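Printed here is my_file28.pdb (PDB, C-alpha atoms):
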```pdb
MODEL        1
ATOM      1  CA  MET K 150      -4.411   3.822 -22.520
ATOM      2  CA  LEU K 151      -1.176   1.900 -22.135
ATOM      3  CA  LYS K 152      -0.560  -0.173 -19.022
ATOM      4  CA  SER K 153       2.792  -1.199 -17.661
ATOM      5  CA  MET K 154       3.271  -4.827 -16.646
ATOM      6  CA  THR K 155       4.843  -3.903 -13.305
ATOM      7  CA  GLY K 156       2.933  -2.801 -10.241
ATOM      8  CA  TYR K 157       1.838  -3.498  -6.682
ATOM      9  CA  GLY K 158      -1.523  -3.766  -4.955
ATOM     10  CA  TRP K 159      -2.783  -4.537  -1.449
ATOM     11  CA  GLY K 160      -6.250  -5.136  -0.033
ATOM     12  CA  GLU K 161      -7.890  -6.128   3.242
ATOM     13  CA  SER K 162     -11.330  -7.233   4.386
ATOM     14  CA  GLY K 163     -12.829  -9.050   7.356
ATOM     15  CA  ILE K 164     -15.653 -11.402   8.243
ATOM     16  CA  GLY K 165     -16.596 -13.368  11.342
ATOM     17  CA  GLY K 166     -13.656 -12.125  13.387
ATOM     18  CA  ARG K 167     -11.107 -12.928  10.694
ATOM     19  CA  ILE K 168      -9.106 -10.491   8.579
ATOM     20  CA  PHE K 169      -8.043 -11.443   5.051
ATOM     21  CA  THR K 170      -5.218  -9.630   3.280
ATOM     22  CA  VAL K 171      -4.251  -9.913  -0.386
ATOM     23  CA  GLU K 172      -0.922  -8.686  -1.749
ATOM     24  CA  LEU K 173      -0.186  -8.553  -5.487
ATOM     25  CA  LYS K 174       3.180  -7.999  -7.178
ATOM     26  CA  ALA K 175       3.374  -7.857 -10.982
ATOM     27  CA  VAL K 176       6.447  -7.983 -13.226
ATOM     28  CA  ASN K 177       7.194  -8.371 -16.938
ATOM     29  CA  HIS K 178       6.357 -11.653 -18.606
ATOM     30  CA  ARG K 179       5.710 -12.749 -22.152
ATOM     31  CA  TYR K 180       2.378 -14.316 -21.236
ATOM     32  CA  SER K 181      -0.148 -14.162 -18.395
ATOM     33  CA  GLU K 182       0.952 -16.114 -15.339
ATOM     34  CA  VAL K 183      -0.344 -16.096 -11.758
ATOM     35  CA  MET K 184       1.695 -17.529  -8.889
ATOM     36  CA  LEU K 185      -0.507 -17.876  -5.802
ATOM     37  CA  ARG K 186       0.570 -18.521  -2.219
ATOM     38  CA  LEU K 187      -2.128 -19.107   0.384
ATOM     39  CA  PRO K 188      -2.811 -21.178   3.533
ATOM     40  CA  ARG K 189      -3.839 -24.779   2.973
ATOM     41  CA  THR K 190      -7.239 -24.111   4.564
ATOM     42  CA  LEU K 191      -7.984 -21.592   1.795
ATOM     43  CA  SER K 192      -6.881 -23.783  -1.117
ATOM     44  CA  LEU K 193     -10.472 -24.243  -2.311
ATOM     45  CA  PHE K 194     -10.425 -20.570  -3.396
ATOM     46  CA  GLU K 195      -7.305 -20.924  -5.555
ATOM     47  CA  ASP K 196      -9.071 -21.222  -8.918
ATOM     48  CA  LYS K 197     -11.463 -18.368  -8.138
ATOM     49  CA  ILE K 198      -8.603 -16.071  -7.188
ATOM     50  CA  LYS K 199      -6.589 -16.902 -10.306
ATOM     51  CA  ARG K 200      -9.585 -16.365 -12.584
ATOM     52  CA  SER K 201     -10.336 -13.016 -10.938
ATOM     53  CA  ILE K 202      -6.759 -11.826 -11.462
ATOM     54  CA  GLN K 203      -6.498 -13.034 -15.060
ATOM     55  CA  SER K 204      -9.827 -11.422 -15.937
ATOM     56  CA  GLN K 205      -8.208  -8.023 -15.324
ATOM     57  CA  ILE K 206      -4.515  -8.669 -16.022
ATOM     58  CA  ALA K 207      -3.976  -9.714 -19.636
ATOM     59  CA  ARG K 208      -0.190 -10.027 -19.596
ATOM     60  CA  GLY K 209       2.561 -10.232 -16.998
ATOM     61  CA  ARG K 210       3.604 -12.412 -14.087
ATOM     62  CA  VAL K 211       1.573 -11.767 -10.939
ATOM     63  CA  GLU K 212       2.627 -13.065  -7.534
ATOM     64  CA  ALA K 213      -0.388 -13.183  -5.221
ATOM     65  CA  TYR K 214      -0.288 -13.709  -1.462
ATOM     66  CA  LEU K 215      -3.421 -14.431   0.590
ATOM     67  CA  ASN K 216      -3.228 -14.435   4.376
ATOM     68  CA  VAL K 217      -5.803 -14.741   7.152
ATOM     69  CA  GLN K 218      -5.535 -13.808  10.808
ATOM     70  CA  ASP K 219      -7.805 -13.754  13.851
ATOM     71  CA  SER K 220      -8.938 -10.237  14.729
ATOM     72  CA  GLY K 221      -9.836 -11.237  18.286
ATOM     73  CA  GLU K 222     -13.397 -10.062  17.739
ATOM     74  CA  LYS K 223     -15.105 -13.267  16.768
ATOM     75  CA  SER K 224     -18.838 -13.435  17.250
ATOM     76  CA  ALA K 225     -20.590 -16.696  17.905
ATOM     77  CA  ASP K 226     -24.116 -17.918  17.255
ATOM     78  CA  VAL K 227     -26.040 -20.103  19.715
ATOM     79  CA  LYS K 228     -27.653 -23.120  18.135
ATOM     80  CA  VAL K 229     -30.254 -25.399  19.751
ATOM     81  CA  ASP K 230     -30.123 -29.030  18.738
ATOM     82  CA  LYS K 231     -33.815 -29.827  18.954
ATOM     83  CA  GLU K 232     -33.371 -33.496  18.199
ATOM     84  CA  VAL K 233     -30.910 -33.916  21.060
ATOM     85  CA  ALA K 234     -33.194 -32.007  23.457
ATOM     86  CA  GLU K 235     -36.174 -34.137  22.466
ATOM     87  CA  ALA K 236     -34.159 -37.321  22.910
ATOM     88  CA  TYR K 237     -33.096 -36.200  26.394
ATOM     89  CA  TYR K 238     -36.690 -35.417  27.336
ATOM     90  CA  LYS K 239     -38.016 -38.788  26.163
ATOM     91  CA  ALA K 240     -35.194 -40.602  27.919
ATOM     92  CA  ILE K 241     -35.912 -38.794  31.211
ATOM     93  CA  ILE K 242     -39.653 -39.542  31.005
ATOM     94  CA  GLU K 243     -38.914 -43.183  30.248
ATOM     95  CA  LEU K 244     -36.500 -43.338  33.185
ATOM     96  CA  GLN K 245     -39.123 -41.842  35.527
ATOM     97  CA  GLU K 246     -41.672 -44.434  34.456
ATOM     98  CA  THR K 247     -39.197 -47.262  34.765
ATOM     99  CA  ILE K 248     -37.900 -46.574  38.261
ATOM    100  CA  GLY K 249     -40.895 -44.650  39.570
ATOM    101  CA  ILE K 250     -39.185 -41.407  40.415
ATOM    102  CA  GLU K 251     -41.369 -38.340  40.467
ATOM    103  CA  GLY K 252     -40.283 -34.883  39.432
ATOM    104  CA  THR K 253     -40.778 -32.200  36.850
ATOM    105  CA  ILE K 254     -38.608 -31.461  33.865
ATOM    106  CA  ASN K 255     -38.173 -27.796  32.949
ATOM    107  CA  ILE K 256     -36.330 -25.997  30.191
ATOM    108  CA  ASN K 257     -33.434 -25.117  32.450
ATOM    109  CA  ASN K 258     -32.750 -28.791  33.052
ATOM    110  CA  LEU K 259     -32.622 -29.507  29.346
ATOM    111  CA  MET K 260     -30.424 -26.498  28.516
ATOM    112  CA  GLU K 261     -27.765 -27.699  30.951
ATOM    113  CA  LEU K 262     -27.456 -31.079  29.284
ATOM    114  CA  PRO K 263     -24.486 -31.590  26.908
ATOM    115  CA  GLY K 264     -25.147 -30.988  23.237
ATOM    116  CA  VAL K 265     -28.448 -29.156  23.573
ATOM    117  CA  LEU K 266     -26.949 -25.698  23.244
ATOM    118  CA  MET K 267     -23.905 -25.128  21.019
ATOM    119  CA  LEU K 268     -21.759 -22.111  20.232
ATOM    120  CA  VAL K 269     -21.200 -21.986  16.490
ATOM    121  CA  ASP K 270     -18.558 -19.788  14.861
ATOM    122  CA  PRO K 271     -20.230 -18.541  11.669
ATOM    123  CA  ALA K 272     -16.862 -18.019  10.007
ATOM    124  CA  GLU K 273     -16.134 -21.721  10.242
ATOM    125  CA  ASN K 274     -18.358 -22.014   7.203
ATOM    126  CA  ILE K 275     -15.392 -21.527   4.895
ATOM    127  CA  GLU K 276     -17.559 -20.900   1.843
ATOM    128  CA  GLU K 277     -18.778 -17.686   3.485
ATOM    129  CA  TRP K 278     -15.220 -16.371   3.597
ATOM    130  CA  TRP K 279     -15.222 -15.760  -0.148
ATOM    131  CA  SER K 280     -17.098 -12.456   0.153
ATOM    132  CA  ALA K 281     -14.299 -11.025   2.315
ATOM    133  CA  ILE K 282     -11.522 -12.578   0.223
ATOM    134  CA  SER K 283     -13.139 -11.252  -2.954
ATOM    135  CA  GLU K 284     -13.373  -7.738  -1.516
ATOM    136  CA  ALA K 285      -9.717  -7.775  -0.428
ATOM    137  CA  LEU K 286      -8.717  -9.096  -3.851
ATOM    138  CA  GLU K 287     -10.682  -6.392  -5.686
ATOM    139  CA  ASN K 288      -9.019  -3.690  -3.584
ATOM    140  CA  ALA K 289      -5.590  -5.154  -4.316
ATOM    141  CA  LEU K 290      -6.351  -5.373  -8.037
ATOM    142  CA  ALA K 291      -7.565  -1.775  -8.081
ATOM    143  CA  GLY K 292      -4.281  -0.625  -6.560
ATOM    144  CA  LEU K 293      -2.248  -2.771  -8.933
ATOM    145  CA  ILE K 294      -4.101  -1.560 -12.021
ATOM    146  CA  LYS K 295      -3.809   2.069 -10.906
ATOM    147  CA  MET K 296      -0.033   1.759 -10.566
ATOM    148  CA  ARG K 297       0.262  -0.031 -13.918
ATOM    149  CA  SER K 298      -1.860   2.655 -15.592
ATOM    150  CA  GLU K 299       0.168   5.519 -14.129
ATOM    151  CA  GLU K 300       3.422   3.978 -15.302
ATOM    152  CA  GLY K 301       1.795   3.230 -18.656
ATOM    153  CA  LYS K 302       1.058   6.944 -19.108
ATOM    154  CA  GLN K 303       4.729   7.758 -18.644
ATOM    155  CA  LEU K 304       5.738   5.069 -21.120
ATOM    156  CA  ALA K 305       3.211   6.377 -23.655
ATOM    157  CA  VAL K 306       4.611   9.913 -23.417
ATOM    158  CA  ASP K 307       8.176   8.698 -23.904
ATOM    159  CA  ILE K 308       7.282   6.440 -26.834
ATOM    160  CA  ALA K 309       5.164   9.162 -28.489
ATOM    161  CA  ASN K 310       8.071  11.610 -28.308
ATOM    162  CA  ARG K 311      10.399   9.081 -29.893
ATOM    163  CA  LEU K 312       7.882   8.300 -32.626
ATOM    164  CA  ASP K 313       7.654  12.028 -33.379
ATOM    165  CA  SER K 314      11.444  12.154 -33.676
ATOM    166  CA  ILE K 315      11.389   9.224 -36.086
ATOM    167  CA  ALA K 316       8.634  10.891 -38.131
ATOM    168  CA  ALA K 317      10.758  14.041 -38.449
ATOM    169  CA  LEU K 318      13.786  11.993 -39.514
ATOM    170  CA  ASN K 319      11.680  10.074 -42.023
ATOM    171  CA  MET K 320      10.551  13.354 -43.568
ATOM    172  CA  LYS K 321      14.181  14.472 -43.867
ATOM    173  CA  ILE K 322      15.049  11.182 -45.540
ATOM    174  CA  LYS K 323      12.124  11.504 -47.935
ATOM    175  CA  ASN K 324      13.082  15.049 -48.925
ATOM    176  CA  ARG K 325      16.741  14.142 -49.259
ATOM    177  CA  SER K 326      16.062  11.101 -51.464
ATOM    178  CA  SER K 327      15.034  13.250 -54.442
ATOM    179  CA  VAL K 328      18.199  15.305 -54.113
ATOM    180  CA  VAL K 329      20.396  12.204 -54.045
ATOM    181  CA  VAL K 330      19.542  11.266 -57.644
ATOM    182  CA  GLU K 331      20.307  14.784 -58.903
ATOM    183  CA  ASP K 332      23.615  14.812 -57.041
ATOM    184  CA  TYR K 333      24.503  11.499 -58.609
ATOM    185  CA  ARG K 334      23.539  12.807 -62.060
ATOM    186  CA  GLU K 335      25.847  15.809 -61.647
ATOM    187  CA  ARG K 336      28.775  13.716 -60.436
ATOM    188  CA  LEU K 337      28.292  11.173 -63.195
ATOM    189  CA  THR K 338      27.973  13.889 -65.842
ATOM    190  CA  ASP K 339      31.286  15.391 -64.805
ATOM    191  CA  ARG K 340      33.007  12.017 -64.934
ATOM    192  CA  ILE K 341      31.620  11.049 -68.345
ATOM    193  CA  ASN K 342      32.336  14.449 -69.848
ATOM    194  CA  ASP K 343      35.942  14.171 -68.737
ATOM    195  CA  PHE K 344      36.294  11.107 -70.920
ATOM    196  CA  MET K 345      33.877  11.567 -73.780
ATOM    197  CA  LYS K 346      33.025  15.268 -73.788
ATOM    198  CA  ASN K 347      29.564  15.950 -75.246
ATOM    199  CA  SER K 348      29.132  13.024 -77.613
ATOM    200  CA  ASP K 349      25.740  11.422 -78.151
ATOM    201  CA  LEU K 350      27.091   8.199 -76.685
ATOM    202  CA  ALA K 351      28.008  10.030 -73.493
ATOM    203  CA  GLN K 352      24.521  11.444 -73.123
ATOM    204  CA  GLU K 353      22.917   8.067 -73.775
ATOM    205  CA  ARG K 354      25.182   6.346 -71.273
ATOM    206  CA  LEU K 355      24.485   9.075 -68.737
ATOM    207  CA  ALA K 356      20.728   8.654 -69.070
ATOM    208  CA  LEU K 357      20.973   4.877 -68.606
ATOM    209  CA  GLU K 358      23.239   5.135 -65.572
ATOM    210  CA  VAL K 359      21.068   7.759 -63.896
ATOM    211  CA  ALA K 360      17.900   5.762 -64.569
ATOM    212  CA  PHE K 361      19.500   2.628 -63.147
ATOM    213  CA  PHE K 362      20.723   4.477 -60.054
ATOM    214  CA  ALA K 363      17.358   6.151 -59.522
ATOM    215  CA  GLU K 364      15.560   2.812 -59.636
ATOM    216  CA  ARG K 365      18.065   1.072 -57.392
ATOM    217  CA  SER K 366      18.110   3.832 -54.779
ATOM    218  CA  ASN K 367      14.392   4.641 -54.804
ATOM    219  CA  ILE K 368      13.189   4.563 -51.193
ATOM    220  CA  THR K 369       9.751   6.097 -51.698
ATOM    221  CA  GLU K 370       7.903   2.898 -50.806
ATOM    222  CA  GLU K 371       9.993   2.405 -47.680
ATOM    223  CA  THR K 372       9.431   5.948 -46.404
ATOM    224  CA  VAL K 373       5.689   5.648 -47.073
ATOM    225  CA  ARG K 374       5.478   2.335 -45.203
ATOM    226  CA  LEU K 375       7.554   3.733 -42.353
ATOM    227  CA  ALA K 376       5.151   6.681 -42.055
ATOM    228  CA  SER K 377       2.223   4.239 -42.023
ATOM    229  CA  HIS K 378       3.818   2.177 -39.251
ATOM    230  CA  LEU K 379       4.358   5.346 -37.231
ATOM    231  CA  LYS K 380       0.648   6.171 -37.458
ATOM    232  CA  GLN K 381      -0.257   2.643 -36.362
ATOM    233  CA  ALA K 382       2.093   2.865 -33.389
ATOM    234  CA  LEU K 383       0.659   6.224 -32.304
ATOM    235  CA  SER K 384      -2.837   4.767 -32.601
ATOM    236  CA  CYS K 385      -1.838   1.888 -30.316
ATOM    237  CA  LEU K 386      -0.817   4.368 -27.635
ATOM    238  CA  GLN K 387      -4.450   5.527 -27.436
ATOM    239  CA  SER K 388      -5.936   2.027 -27.254
ATOM    240  CA  ASN K 389      -7.594   0.650 -24.124
ATOM    241  CA  GLU K 390      -6.696  -2.891 -25.159
ATOM    242  CA  PRO K 391      -3.388  -4.671 -24.431
ATOM    243  CA  VAL K 392      -1.078  -3.642 -27.293
ATOM    244  CA  GLY K 393       2.394  -4.690 -26.142
ATOM    245  CA  ARG K 394       2.782  -7.506 -28.652
ATOM    246  CA  LYS K 395       1.302  -5.448 -31.485
ATOM    247  CA  LEU K 396       3.706  -2.583 -30.795
ATOM    248  CA  ASP K 397       6.591  -5.034 -30.719
ATOM    249  CA  PHE K 398       5.621  -6.284 -34.187
ATOM    250  CA  ILE K 399       5.263  -2.733 -35.553
ATOM    251  CA  VAL K 400       8.723  -1.805 -34.265
ATOM    252  CA  GLN K 401      10.164  -4.872 -36.002
ATOM    253  CA  GLU K 402       8.566  -3.743 -39.264
ATOM    254  CA  MET K 403       9.927  -0.213 -38.847
ATOM    255  CA  ASN K 404      13.386  -1.659 -38.279
ATOM    256  CA  ARG K 405      13.018  -3.622 -41.492
ATOM    257  CA  GLU K 406      12.085  -0.494 -43.449
ATOM    258  CA  ILE K 407      14.905   1.674 -42.085
ATOM    259  CA  ASN K 408      17.463  -1.071 -42.770
ATOM    260  CA  THR K 409      16.280  -1.198 -46.383
ATOM    261  CA  ILE K 410      16.449   2.594 -46.637
ATOM    262  CA  ALA K 411      20.001   2.629 -45.300
ATOM    263  CA  SER K 412      21.151  -0.041 -47.751
ATOM    264  CA  LYS K 413      19.478   1.508 -50.829
ATOM    265  CA  ALA K 414      20.036   5.219 -50.312
ATOM    266  CA  ASN K 415      23.771   5.407 -51.158
ATOM    267  CA  ASP K 416      23.935   8.698 -49.305
ATOM    268  CA  LEU K 417      25.992   9.577 -46.250
ATOM    269  CA  GLU K 418      23.453  11.979 -44.773
ATOM    270  CA  ILE K 419      20.560   9.540 -45.130
ATOM    271  CA  GLY K 420      22.795   6.904 -43.581
ATOM    272  CA  HIS K 421      23.328   9.100 -40.512
ATOM    273  CA  TRP K 422      19.592   9.714 -40.158
ATOM    274  CA  ALA K 423      18.910   6.000 -40.511
ATOM    275  CA  VAL K 424      21.271   5.324 -37.601
ATOM    276  CA  GLU K 425      19.359   7.859 -35.493
ATOM    277  CA  VAL K 426      16.066   6.177 -36.378
ATOM    278  CA  LYS K 427      17.440   2.760 -35.400
ATOM    279  CA  SER K 428      18.655   4.190 -32.103
ATOM    280  CA  GLU K 429      15.190   5.551 -31.306
ATOM    281  CA  LEU K 430      13.564   2.264 -32.324
ATOM    282  CA  GLU K 431      15.840   0.331 -29.999
ATOM    283  CA  LYS K 432      14.852   2.571 -27.088
ATOM    284  CA  ILE K 433      11.180   2.123 -27.968
ATOM    285  CA  ARG K 434      11.648  -1.642 -28.148
ATOM    286  CA  GLU K 435      13.112  -1.642 -24.635
ATOM    287  CA  GLN K 436      10.115   0.299 -23.331
ATOM    288  CA  ILE K 437       7.661  -2.006 -25.071
ATOM    289  CA  GLN K 438       9.002  -4.980 -23.111
ATOM    290  CA  ASN K 439       7.203  -3.501 -20.090
ATOM    291  CA  ILE K 440       3.866  -2.840 -21.820
ATOM    292  CA  GLU K 441       0.878  -5.109 -21.283
TER
ENDMDL
END
```

Translate this structure into structure tokens?
Amino acid sequence: MLKSMTGYGWGESGIGGRIFTVELKAVNHRYSEVMLRLPRTLSLFEDKIKRSIQSQIARGRVEAYLNVQDSGEKSADVKVDKEVAEAYYKAIIELQETIGIEGTININNLMELPGVLMLVDPAENIEEWWSAISEALENALAGLIKMRSEEGKQLAVDIANRLDSIAALNMKIKNRSSVVVEDYRERLTDRINDFMKNSDLAQERLALEVAFFAERSNITEETVRLASHLKQALSCLQSNEPVGRKLDFIVQEMNREINTIASKANDLEIGHWAVEVKSELEKIREQIQNIE
């Protein structure tokens, strides 16, 4: 199935009170290129994001935007620093022994001391953000690929119709090519007979001229190759692999064949059909520039 190189995708996901959004915009490009814009605090994810995009987008220029915002619903974990609490306890006992002050130490006393209890934002562990970023990115890629696929279907229909038109014109050219030689024979016969009537020399000269013309204007190989290229192009339209460059090459080869046909045919009608074929090929070439 063909895919266009243009499209748009958007995704969102949250973790630890933060919301991550990913926006993707894709346009035509000869190669695969990813331009990523993201906050400095998220720069450690840059390579991962680019690899994820390029694993699913074979060709085209993708502009990716990653943003993060506070949802206002952060949750916090309470952490006990046991080493600090133990140090406080030992210091208090030592102080009691040193200055002779009596008293009991309970858990409430320790909990009120600085550093024993801490509120920890789990999202501050930046590595844990990747699960949310990855989910937002996958959603954005799914939307982008869907749009590219839908446009690719439309391109495939248009190209297939134009290939069918070219196939019909090629058949007309093929059928006409056999008539061209006979027409030339008749015209040449009339001209020679006007000068030399029915002499043996006239007949011999006629046979040589017709044979030479038939060989020079033979376009059988070109029409066969053109038909083969048409089949290859139609096959590409059904492929699930990126075929933009391959189609571009096939169109170049078809242009080469039709140019040869036009130059060899020596026939006005074939010349007109060749112009129509070239017109269709040019329209196909324009469409191919947007195919992955």

What does the PyMOL selection byres ((chain K and resi 437) around 12) select in this file, as a PyMOL selection string?
chain K and resi 151-154+177-179+301+304-305+307-309+382+385-386+391-401+430-436+438-441

Answer as a list in words, residues within 12 Å of (-16.8, -8.8, -0.9) using all atoms listed in the file
Gly160, Glu161, Ser162, Gly163, Ile164, Phe169, Glu277, Trp278, Trp279, Ser280, Ala281, Ile282, Ser283, Glu284, Ala285, Leu286, Glu287 and Asn288 of chain K

Can those selected residues be exported to a file as a compact mmCIF listing (two decimals), keeping the file's coordinate frame so that it contains C-alpha atoms?
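Wrote selection_6.txt, looks like this:
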```
# COMPACT_ATOMS: atom_id res chain seq x y z
CA GLY K 160 -6.25 -5.14 -0.03
CA GLU K 161 -7.89 -6.13 3.24
CA SER K 162 -11.33 -7.23 4.39
CA GLY K 163 -12.83 -9.05 7.36
CA ILE K 164 -15.65 -11.40 8.24
CA PHE K 169 -8.04 -11.44 5.05
CA GLU K 277 -18.78 -17.69 3.48
CA TRP K 278 -15.22 -16.37 3.60
CA TRP K 279 -15.22 -15.76 -0.15
CA SER K 280 -17.10 -12.46 0.15
CA ALA K 281 -14.30 -11.02 2.32
CA ILE K 282 -11.52 -12.58 0.22
CA SER K 283 -13.14 -11.25 -2.95
CA GLU K 284 -13.37 -7.74 -1.52
CA ALA K 285 -9.72 -7.78 -0.43
CA LEU K 286 -8.72 -9.10 -3.85
CA GLU K 287 -10.68 -6.39 -5.69
CA ASN K 288 -9.02 -3.69 -3.58
```

What's around region 194-205 of chain K at 9 Å? Count all atoms listed in the file, leave out sequence neighbours fewer than 4 positions away in its own chain, and write the answer as a PyMOL selection string.
chain K and resi 181-187+211+213+276+279+282-283+286-287+290+294

Please provide the set of residues having any atom within 9 Å of Ala316 (chain K), restricted to only C-alpha atoms, with same-chain residues fewer than 2 positions apart removed, written as a PyMOL selection string.
chain K and resi 311-314+318-321+375-376+379+426

Those selected residues, please, written with C-alpha atoms and delivered as a PDB file, in the frame of the given file.
```pdb
ATOM      1  CA  ARG K 311      10.399   9.081 -29.893  1.00  0.00           C
ATOM      2  CA  LEU K 312       7.882   8.300 -32.626  1.00  0.00           C
ATOM      3  CA  ASP K 313       7.654  12.028 -33.379  1.00  0.00           C
ATOM      4  CA  SER K 314      11.444  12.154 -33.676  1.00  0.00           C
ATOM      5  CA  LEU K 318      13.786  11.993 -39.514  1.00  0.00           C
ATOM      6  CA  ASN K 319      11.680  10.074 -42.023  1.00  0.00           C
ATOM      7  CA  MET K 320      10.551  13.354 -43.568  1.00  0.00           C
ATOM      8  CA  LYS K 321      14.181  14.472 -43.867  1.00  0.00           C
ATOM      9  CA  LEU K 375       7.554   3.733 -42.353  1.00  0.00           C
ATOM     10  CA  ALA K 376       5.151   6.681 -42.055  1.00  0.00           C
ATOM     11  CA  LEU K 379       4.358   5.346 -37.231  1.00  0.00           C
ATOM     12  CA  VAL K 426      16.066   6.177 -36.378  1.00  0.00           C
TER      13      VAL K 426
END
```

Evaluated on this file, the PyMOL selection byres ((chain K and resi 427) around 9) picks out some residues - which ones are they, written as JSON, numbers by chain?
{"K": [315, 403, 404, 407, 408, 422, 423, 424, 425, 426, 428, 429, 430, 431, 432]}
